[in-house]
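> Got a file for you: work18.cif, mmCIF, C-alpha atoms and all ligand atoms.
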```cif
data_run
loop_
_atom_site.label_atom_id
_atom_site.label_comp_id
_atom_site.auth_asym_id
_atom_site.auth_seq_id
_atom_site.Cartn_x
_atom_site.Cartn_y
_atom_site.Cartn_z
CA MET Z 252 20.09 -20.50 2.91
CA GLY Z 253 20.65 -16.77 3.30
CA GLU Z 254 22.95 -14.96 5.66
CA LEU Z 255 22.34 -15.52 9.37
CA LYS Z 256 22.30 -12.40 11.52
CA THR Z 257 23.81 -12.23 14.99
CA PRO Z 258 21.59 -11.18 17.91
CA ARG Z 259 23.31 -7.77 17.78
CA GLU Z 260 22.53 -7.38 14.10
CA ILE Z 261 18.89 -8.30 14.71
CA GLU Z 262 18.81 -5.64 17.46
CA ALA Z 263 20.20 -3.16 14.92
CA MET Z 264 17.44 -4.09 12.44
CA ARG Z 265 14.77 -2.98 14.93
CA ALA Z 266 15.21 0.67 13.91
CA ALA Z 267 14.34 -0.10 10.29
CA GLY Z 268 11.44 -2.28 11.40
CA SER Z 269 9.86 0.31 13.65
CA PHE Z 270 10.36 3.06 11.05
CA VAL Z 271 8.62 1.02 8.34
CA ALA Z 272 5.80 0.21 10.80
CA ARG Z 273 5.41 3.90 11.70
CA VAL Z 274 5.20 4.95 8.04
CA LEU Z 275 2.56 2.32 7.24
CA SER Z 276 0.46 3.35 10.26
CA SER Z 277 0.73 6.98 9.22
CA LEU Z 278 -0.27 6.17 5.63
CA GLN Z 279 -3.32 4.27 6.89
CA ASP Z 280 -4.20 7.31 9.02
CA VAL Z 281 -3.94 9.86 6.23
CA ALA Z 282 -5.40 7.79 3.35
CA ARG Z 283 -8.79 9.21 2.35
CA VAL Z 284 -11.30 8.86 -0.45
CA GLY Z 285 -10.38 11.60 -2.97
CA MET Z 286 -6.61 11.35 -2.40
CA THR Z 287 -4.27 10.23 -5.16
CA LEU Z 288 -1.77 7.40 -4.84
CA LYS Z 289 0.97 9.92 -5.64
CA GLU Z 290 -0.02 11.96 -2.59
CA LEU Z 291 0.45 8.88 -0.40
CA ASP Z 292 3.86 8.31 -2.00
CA ALA Z 293 4.82 11.94 -1.29
CA HIS Z 294 3.75 11.53 2.35
CA ALA Z 295 6.02 8.49 2.76
CA HIS Z 296 8.83 10.26 0.92
CA ARG Z 297 8.66 13.17 3.39
CA MET Z 298 8.81 10.75 6.33
CA ILE Z 299 11.88 9.08 4.78
CA ASP Z 300 13.61 12.45 4.36
CA ASP Z 301 12.67 13.62 7.87
CA ALA Z 302 14.04 10.42 9.42
CA GLY Z 303 17.23 10.37 7.34
CA ALA Z 304 16.17 6.96 6.06
CA HIS Z 305 16.83 5.62 2.57
CA SER Z 306 14.29 4.35 0.02
CA VAL Z 307 15.09 0.92 -1.38
CA TYR Z 308 12.25 1.18 -3.95
CA LEU Z 309 13.15 4.37 -5.78
CA GLY Z 310 15.18 3.40 -8.86
CA TYR Z 311 15.05 -0.32 -8.01
CA HIS Z 312 15.10 -2.35 -11.22
CA PRO Z 313 14.62 -6.10 -10.69
CA SER Z 314 13.87 -8.55 -13.53
CA PHE Z 315 10.13 -8.35 -12.76
CA GLY Z 316 9.85 -4.60 -13.46
CA ALA Z 317 9.85 -2.91 -16.87
CA MET Z 318 11.81 0.16 -15.78
CA PRO Z 319 13.42 1.54 -12.61
CA TYR Z 320 10.77 1.86 -9.90
CA PRO Z 321 9.41 5.43 -9.80
CA GLY Z 322 8.17 5.69 -6.19
CA VAL Z 323 8.94 4.86 -2.56
CA LEU Z 324 5.72 2.81 -2.14
CA CYS Z 325 3.73 0.18 -3.95
CA THR Z 326 0.06 1.20 -3.97
CA SER Z 327 -2.18 -1.55 -5.33
CA VAL Z 328 -5.93 -0.86 -5.60
CA ASN Z 329 -8.73 -3.46 -6.00
CA ASP Z 330 -7.68 -5.87 -8.80
CA ALA Z 331 -4.08 -4.65 -8.49
CA ALA Z 332 -2.37 -7.13 -6.17
CA LEU Z 333 1.30 -6.16 -6.07
CA HIS Z 334 3.71 -3.47 -7.28
CA GLY Z 335 1.01 -0.90 -8.07
CA LEU Z 336 2.66 2.35 -9.18
CA PRO Z 337 1.81 5.49 -7.17
CA SER Z 338 -0.12 7.20 -9.98
CA GLU Z 339 -2.63 10.05 -10.20
CA GLN Z 340 -5.40 7.47 -9.58
CA VAL Z 341 -7.88 8.91 -7.07
CA LEU Z 342 -8.99 6.67 -4.18
CA ALA Z 343 -12.73 5.96 -4.31
CA ASP Z 344 -15.28 4.85 -1.73
CA GLY Z 345 -14.96 1.10 -1.07
CA ASP Z 346 -11.52 0.72 -2.69
CA VAL Z 347 -9.23 -1.96 -1.26
CA LEU Z 348 -5.76 -0.44 -1.00
CA SER Z 349 -2.62 -2.47 -0.40
CA ILE Z 350 0.46 -0.48 0.54
CA ASP Z 351 3.88 -2.13 0.45
CA PHE Z 352 6.81 -0.20 1.90
CA ALA Z 353 10.44 -0.95 2.59
CA ALA Z 354 13.25 1.34 3.68
CA GLN Z 355 16.82 1.20 4.91
CA VAL Z 356 17.76 2.70 8.30
CA ASN Z 357 21.31 2.52 9.68
CA GLY Z 358 22.22 0.18 6.83
CA TRP Z 359 19.48 -2.37 7.48
CA VAL Z 360 16.25 -2.91 5.54
CA ALA Z 361 12.73 -3.76 6.70
CA ASP Z 362 9.82 -4.56 4.37
CA SER Z 363 6.11 -4.65 5.27
CA ALA Z 364 2.68 -4.33 3.70
CA LEU Z 365 -0.92 -3.89 4.77
CA SER Z 366 -4.31 -3.77 3.09
CA PHE Z 367 -7.41 -1.87 4.11
CA GLN Z 368 -10.63 -0.57 2.64
CA LEU Z 369 -11.47 3.11 2.20
CA GLY Z 370 -14.86 4.52 3.09
CA THR Z 371 -17.73 2.07 3.09
CA PRO Z 372 -16.68 -1.51 3.86
CA ASP Z 373 -18.22 -4.55 2.18
CA PRO Z 374 -18.18 -8.07 3.67
CA ASP Z 375 -16.32 -9.80 0.81
CA SER Z 376 -13.45 -7.30 0.81
CA GLN Z 377 -13.25 -7.35 4.61
CA ARG Z 378 -13.04 -11.14 4.56
CA LEU Z 379 -10.35 -11.09 1.85
CA ILE Z 380 -8.26 -8.71 3.96
CA ARG Z 381 -8.89 -10.62 7.19
CA VAL Z 382 -7.96 -14.01 5.71
CA THR Z 383 -4.75 -12.55 4.22
CA GLU Z 384 -3.81 -11.24 7.68
CA GLU Z 385 -4.64 -14.62 9.21
CA ALA Z 386 -2.40 -16.35 6.68
CA LEU Z 387 0.43 -13.96 7.57
CA ALA Z 388 -0.06 -14.75 11.27
CA ALA Z 389 -0.13 -18.50 10.54
CA GLY Z 390 3.09 -18.22 8.52
CA ILE Z 391 4.80 -16.17 11.24
CA ALA Z 392 3.84 -18.77 13.87
CA GLN Z 393 5.88 -21.37 11.94
CA ALA Z 394 8.98 -19.16 11.77
CA ARG Z 395 10.97 -20.94 14.46
CA PRO Z 396 14.26 -22.83 14.57
CA GLY Z 397 13.90 -26.51 13.66
CA ASN Z 398 10.91 -25.96 11.39
CA ARG Z 399 11.33 -25.95 7.63
CA MET Z 400 10.46 -23.35 5.03
CA GLY Z 401 7.65 -25.60 3.80
CA ASP Z 402 5.98 -25.29 7.19
CA ILE Z 403 5.64 -21.52 6.68
CA SER Z 404 4.52 -21.93 3.05
CA ALA Z 405 1.99 -24.66 3.86
CA ALA Z 406 0.51 -22.68 6.75
CA ILE Z 407 -0.03 -19.67 4.48
CA GLY Z 408 -1.46 -21.70 1.60
CA GLU Z 409 -3.79 -23.72 3.82
CA VAL Z 410 -5.41 -20.58 5.25
CA GLY Z 411 -5.97 -19.15 1.77
CA ARG Z 412 -7.24 -22.39 0.25
CA ALA Z 413 -9.57 -23.09 3.19
CA ALA Z 414 -11.18 -19.72 2.50
CA GLY Z 415 -11.47 -20.50 -1.22
CA LEU Z 416 -9.15 -17.67 -2.26
CA GLY Z 417 -6.90 -17.52 -5.31
CA ILE Z 418 -3.18 -18.03 -4.67
CA ASN Z 419 -0.27 -17.70 -7.08
CA ALA Z 420 3.19 -18.68 -5.87
CA ASP Z 421 5.12 -16.66 -8.48
CA PHE Z 422 5.75 -13.85 -6.00
CA GLY Z 423 6.34 -14.42 -2.33
CA GLY Z 424 8.54 -13.62 0.62
CA HIS Z 425 12.30 -13.39 0.76
CA GLY Z 426 15.31 -12.92 2.98
CA VAL Z 427 15.88 -9.36 4.22
CA GLY Z 428 19.12 -7.80 5.39
CA ARG Z 429 21.28 -4.95 4.15
CA THR Z 430 19.27 -5.22 0.93
CA MET Z 431 15.55 -5.85 0.39
CA HIS Z 432 15.61 -9.09 -1.59
CA GLU Z 433 17.97 -11.78 -0.33
CA GLU Z 434 17.94 -15.56 -0.13
CA PRO Z 435 15.90 -17.57 0.70
CA HIS Z 436 12.63 -17.44 -1.22
CA VAL Z 437 9.53 -17.81 1.02
CA PRO Z 438 6.76 -19.30 -1.16
CA ASN Z 439 3.07 -18.83 -0.35
CA LEU Z 440 2.31 -22.48 -1.16
CA GLY Z 441 4.21 -25.54 -0.02
CA ARG Z 442 4.38 -28.86 1.79
CA ARG Z 443 4.97 -29.24 5.51
CA GLY Z 444 8.36 -30.73 6.33
CA SER Z 445 9.89 -29.69 2.98
CA GLY Z 446 12.48 -27.05 2.15
CA ILE Z 447 15.41 -25.62 4.07
CA LYS Z 448 15.68 -25.90 7.84
CA LEU Z 449 14.98 -22.61 9.58
CA LYS Z 450 17.78 -21.39 11.83
CA ALA Z 451 18.01 -18.67 14.47
CA GLY Z 452 19.40 -15.55 12.80
CA LEU Z 453 17.47 -15.94 9.57
CA VAL Z 454 15.49 -12.76 8.80
CA ILE Z 455 12.70 -13.10 6.25
CA ALA Z 456 9.81 -11.14 4.84
CA ILE Z 457 6.65 -13.28 4.91
CA GLU Z 458 4.06 -11.91 2.50
CA PRO Z 459 0.86 -13.69 1.51
CA TRP Z 460 -1.16 -12.08 -1.27
CA PHE Z 461 -4.52 -13.60 -2.07
CA MET Z 462 -7.13 -13.06 -4.75
CA ALA Z 463 -10.90 -13.19 -4.31
CA GLY Z 464 -11.20 -15.12 -7.61
CA GLY Z 465 -8.86 -17.49 -9.43
CA ASP Z 466 -5.11 -18.11 -9.25
CA GLY Z 467 -4.13 -16.20 -12.38
CA TYR Z 468 -2.54 -12.78 -12.74
CA VAL Z 469 -1.58 -10.45 -15.56
CA ILE Z 470 1.03 -7.72 -15.75
CA ASP Z 471 -0.44 -4.31 -16.46
CA PRO Z 472 0.76 -2.42 -19.57
CA ASP Z 473 2.64 -0.12 -17.14
CA GLY Z 474 5.16 -2.98 -16.84
CA TRP Z 475 4.99 -3.20 -13.04
CA THR Z 476 1.48 -3.64 -11.64
CA ILE Z 477 0.42 -7.25 -11.00
CA ARG Z 478 -3.35 -7.57 -11.48
CA THR Z 479 -5.73 -10.48 -10.97
CA ALA Z 480 -6.48 -12.12 -14.33
CA ASP Z 481 -10.23 -12.19 -13.66
CA GLY Z 482 -10.53 -8.65 -12.29
CA SER Z 483 -11.33 -9.85 -8.77
CA ARG Z 484 -9.89 -8.01 -5.80
CA ALA Z 485 -6.61 -8.87 -4.10
CA ALA Z 486 -5.06 -8.23 -0.69
CA HIS Z 487 -1.47 -8.36 0.57
CA ALA Z 488 0.00 -8.47 4.08
CA GLU Z 489 3.70 -8.60 4.96
CA HIS Z 490 6.03 -8.47 7.93
CA THR Z 491 9.78 -8.72 8.30
CA VAL Z 492 10.42 -11.44 10.86
CA ALA Z 493 13.62 -12.47 12.64
CA ILE Z 494 13.84 -16.13 13.63
CA THR Z 495 15.25 -16.25 17.16
CA PRO Z 496 15.89 -19.12 19.58
CA ASP Z 497 12.65 -18.04 21.31
CA GLY Z 498 10.62 -18.02 18.08
CA PRO Z 499 9.54 -15.31 15.64
CA LEU Z 500 10.32 -11.65 16.34
CA VAL Z 501 8.15 -9.37 14.15
CA LEU Z 502 10.45 -6.44 13.41
CA THR Z 503 7.75 -4.45 11.58
CA ALA Z 504 4.99 -4.88 14.20
CA ARG Z 505 2.70 -1.82 14.30
CA LYS Z 506 1.53 -0.24 17.55
CA GLY Z 507 -2.12 -0.62 18.48
N1 LIG S 1 8.54 -4.76 -1.21
C1 LIG S 1 8.12 -5.62 -2.26
C2 LIG S 1 8.25 -7.00 -1.70
O1 LIG S 1 7.57 -7.21 -0.77
C3 LIG S 1 8.88 -5.41 -3.52
C4 LIG S 1 8.68 -4.11 -4.12
S1 LIG S 1 9.55 -4.01 -5.56
C5 LIG S 1 9.71 -2.36 -5.84
O2 LIG S 1 9.03 -7.83 -2.02
F1 LIG S 1 10.42 -2.24 -6.91
F2 LIG S 1 8.57 -1.86 -5.95
F3 LIG S 1 10.34 -1.82 -4.90
CO CO S 2 8.74 -8.16 0.47
#
```
Represent the structure of the file as structure tokens.
Ligand code: MF3
Ligand code: CO

Amino acid sequence: MGELKTPREIEAMRAAGSFVARVLSSLQDVARVGMTLKELDAHAHRMIDDAGAHSVYLGYHPSFGAMPYPGVLCTSVNDAALHGLPSEQVLADGDVLSIDFAAQVNGWVADSALSFQLGTPDPDSQRLIRVTEEALAAGIAQARPGNRMGDISAAIGEVGRAAGLGINADFGGHGVGRTMHEEPHVPNLGRRGSGIKLKAGLVIAIEPWFMAGGDGYVIDPDGWTIRTADGSRAAHAEHTVAITPDGPLVLTARKG
């Protein structure tokens, strides 16, 4: 089921949550057409150092990555959906950028992602981003004691499917605590009423990622970047959420 946190521990996780939120807001502020993904990574790295926080990405080497992770951010552009490496790629007008960021503060981790378009917006990309955010909100709304994991998964999947978007359940959300990836898995597709019972004290990252085209993905030759199989665009949205007796508490909520 994953370790349950006490109310005091959830309070202590707020610092990590608000730091991760602040970094993502700042990245969205500074991101410009003409900037490289590496420059965004350096910006986040400076904020980590200034805050005395700790990167949980740098050097991370899970089974789904070819080598230790080389940055503090995932920066996924257009057909890149997840785990995009902060490269020398230059952001162009109309690019959809997904930034995924997690860090440890005072021993606790928070993990969050957002997607936005640079420069000139187009309706299809804006809809893709909006629906992904709506799916995240629908998933969060189910994160309450007494519900089951399948209620979160189904809520996410239904929003994506209703919009005709591609969904692949291979990557999804996860428990969050002293480390980034803990039990339980939080799938982006599922059946209502199925799965483990949600209990107060469970802290999970909920993270829909949807594709404008089909359900397939490929792994880039770089060994990390997950791309849509058909070259369509993808979007990703994520919050770290504590399940409390009163319902979901979004630890990574951004101001404004
Ligand atoms: N933060 C991502 C997630 O949402 C995982 C990033 S893996 C890393 O689960 F290696 F890039 F850090
Ligand atoms: Co995550």
> Can you tell me, as a ChimeraX atom specification, what residues are no more than 9 Å from His490 (chain Z) when counting all atoms listed in the file, ignoring any on the same chain fewer than 2 positions away?
/Z:268,361-365,387,391,455-458,488,492,501-504
> Show me the residues around (-1.8, -11.4, -14.5) - criterion: an atom at most 10 Å away, all atoms listed in the file counted - as a VMD selection string.
chain Z and resid 330 to 332 419 466 to 471 476 to 482
> Could you please take those selected residues and save C-alpha atoms as an mmCIF file, keeping the file's coordinate frame?

```
data_model
loop_
_atom_site.group_PDB
_atom_site.id
_atom_site.type_symbol
_atom_site.label_atom_id
_atom_site.label_comp_id
_atom_site.auth_asym_id
_atom_site.auth_seq_id
_atom_site.Cartn_x
_atom_site.Cartn_y
_atom_site.Cartn_z
ATOM 1 C CA ASP Z 330 -7.680 -5.870 -8.800
ATOM 2 C CA ALA Z 331 -4.080 -4.650 -8.490
ATOM 3 C CA ALA Z 332 -2.370 -7.130 -6.170
ATOM 4 C CA ASN Z 419 -0.270 -17.700 -7.080
ATOM 5 C CA ASP Z 466 -5.110 -18.110 -9.250
ATOM 6 C CA GLY Z 467 -4.130 -16.200 -12.380
ATOM 7 C CA TYR Z 468 -2.540 -12.780 -12.740
ATOM 8 C CA VAL Z 469 -1.580 -10.450 -15.560
ATOM 9 C CA ILE Z 470 1.030 -7.720 -15.750
ATOM 10 C CA ASP Z 471 -0.440 -4.310 -16.460
ATOM 11 C CA THR Z 476 1.480 -3.640 -11.640
ATOM 12 C CA ILE Z 477 0.420 -7.250 -11.000
ATOM 13 C CA ARG Z 478 -3.350 -7.570 -11.480
ATOM 14 C CA THR Z 479 -5.730 -10.480 -10.970
ATOM 15 C CA ALA Z 480 -6.480 -12.120 -14.330
ATOM 16 C CA ASP Z 481 -10.230 -12.190 -13.660
ATOM 17 C CA GLY Z 482 -10.530 -8.650 -12.290
#
```
> Which protein, DNA or RNA residues are at most 9 Å from (8.4, -6.3, -1.3) in the file's coordinates when you count all atoms listed in the file, listed as a VMD selection string?
chain Z and resid 308 325 333 to 334 351 to 353 362 to 364 423 to 425 431 to 432 456 458 489
> Hey, which of Z:Trp460, Z:Phe270, Z:Trp359, Z:Trp475 ends up closest to ligand CO 2 (chain S)? Count only C-alpha atoms and all ligand atoms.
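The closest residue to ligand CO 2 (chain S) is Z:Trp460.
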> My list of candidates is Z:Asp301, Z:Asp346, Z:Asp421, Z:Asp402. Which is closest to Ile380 (chain Z) when distances are computed with only C-alpha atoms?
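When distances to Ile380 (chain Z) are compared using only C-alpha atoms, the smallest one comes from Z:Asp346.
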> Could you give me, as a PDB file with C-alpha atoms, keeping the file's coordinate frame, the residues within 10 Å of Gly474 (chain Z), counting all atoms listed in the file and dropping anything in the same chain fewer than 5 positions from it?

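To be explicit, this is the file written out as selection_37.pdb:
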```pdb
ATOM      1  CA  PHE Z 315      10.130  -8.350 -12.760  1.00  0.00           C
ATOM      2  CA  GLY Z 316       9.850  -4.600 -13.460  1.00  0.00           C
ATOM      3  CA  ALA Z 317       9.850  -2.910 -16.870  1.00  0.00           C
ATOM      4  CA  MET Z 318      11.810   0.160 -15.780  1.00  0.00           C
ATOM      5  CA  HIS Z 334       3.710  -3.470  -7.280  1.00  0.00           C
ATOM      6  CA  GLY Z 335       1.010  -0.900  -8.070  1.00  0.00           C
ATOM      7  CA  LEU Z 336       2.660   2.350  -9.180  1.00  0.00           C
TER       8      LEU Z 336
END
```
> If we count only C-alpha atoms and set the cut-off at 6 Å, which residues sit around Arg484 (chain Z), ignoring sequence neighbours fewer than 2 positions away in its own chain? Please answer as an mmCIF file with C-alpha atoms, in the frame of the given file.

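Result written to selection23.cif:
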```cif
data_model
loop_
_atom_site.group_PDB
_atom_site.id
_atom_site.type_symbol
_atom_site.label_atom_id
_atom_site.label_comp_id
_atom_site.auth_asym_id
_atom_site.auth_seq_id
_atom_site.Cartn_x
_atom_site.Cartn_y
_atom_site.Cartn_z
ATOM 1 C CA ASN Z 329 -8.730 -3.460 -6.000
ATOM 2 C CA ASP Z 330 -7.680 -5.870 -8.800
ATOM 3 C CA MET Z 462 -7.130 -13.060 -4.750
ATOM 4 C CA ALA Z 463 -10.900 -13.190 -4.310
#
```
> Give me the residues within 9 Å of region 367-370 of chain Z as a ChimeraX atom specification, counting only C-alpha atoms and dropping any in the same chain fewer than 5 places off.
/Z:279,282-284,342-350,376-377,380,486
> Of the residues Z:Ser327, Z:Thr495, Z:Ser366, Z:Gln340, which is the one nearest to Gln393 (chain Z), using only C-alpha atoms?
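Among Z:Ser327, Z:Thr495, Z:Ser366, Z:Gln340, it is Z:Thr495 that comes nearest to Gln393 (chain Z).
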> Using all atoms listed in the file, which residues sit within 12 Å of Ile403 (chain Z) once same-chain residues fewer than 5 positions away are excluded, as an MDAnalysis selection string?
chainID Z and resid 386:398 408:410 423:424 436:449 455:459 492 499
> Pick from Z:Ser483, Z:Ser269, Z:Thr257, Z:Thr430: nearest to ligand CO 2 (chain S), with only C-alpha atoms and all ligand atoms counted?
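Once distances to ligand CO 2 (chain S) are computed over only C-alpha atoms and all ligand atoms, the minimum belongs to Z:Thr430.
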> Out of Z:Thr491, Z:Ser338, Z:Ser306, Z:Thr326, which residue has the shortest atom-to-atom distance to ligand CO 2 (chain S) when counting all atoms listed in the file?
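Smallest distance to ligand CO 2 (chain S) is found for Z:Thr491.
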> So, with all atoms listed in the file as the atoms that count, which of Z:Leu379, Z:Ala295, Z:Leu288, Z:Val427 lies closest to ligand LIG 1 (chain S)?
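For ligand LIG 1 (chain S), the nearest of the candidates is Z:Val427.
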> How many Å separate CA of Ser314 (chain Z) from CA of Pro472 (chain Z)?
15.7 Å
> Could you state the separation of CA of Glu434 (chain Z) and CA of Val382 (chain Z) in Å, given to one decimal place?
26.6 Å
> To one decimal in Å, tell me the separation between CA of Ala304 (chain Z) and CA of Asn357 (chain Z).
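Between CA of Ala304 (chain Z) and CA of Asn357 (chain Z) the gap is 7.7 Å.
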> Please return the centre and edge lengths, in Å to one decimal, of a box with edges along x, y and z that contains all listed atoms of region 409-425 of chain Z, widened by 6 Å on every side, as JSON.

```
{"center_x": 0.4, "center_y": -18.6, "center_z": -1.6, "size_x": 35.8, "size_y": 22.3, "size_z": 25.7}
```
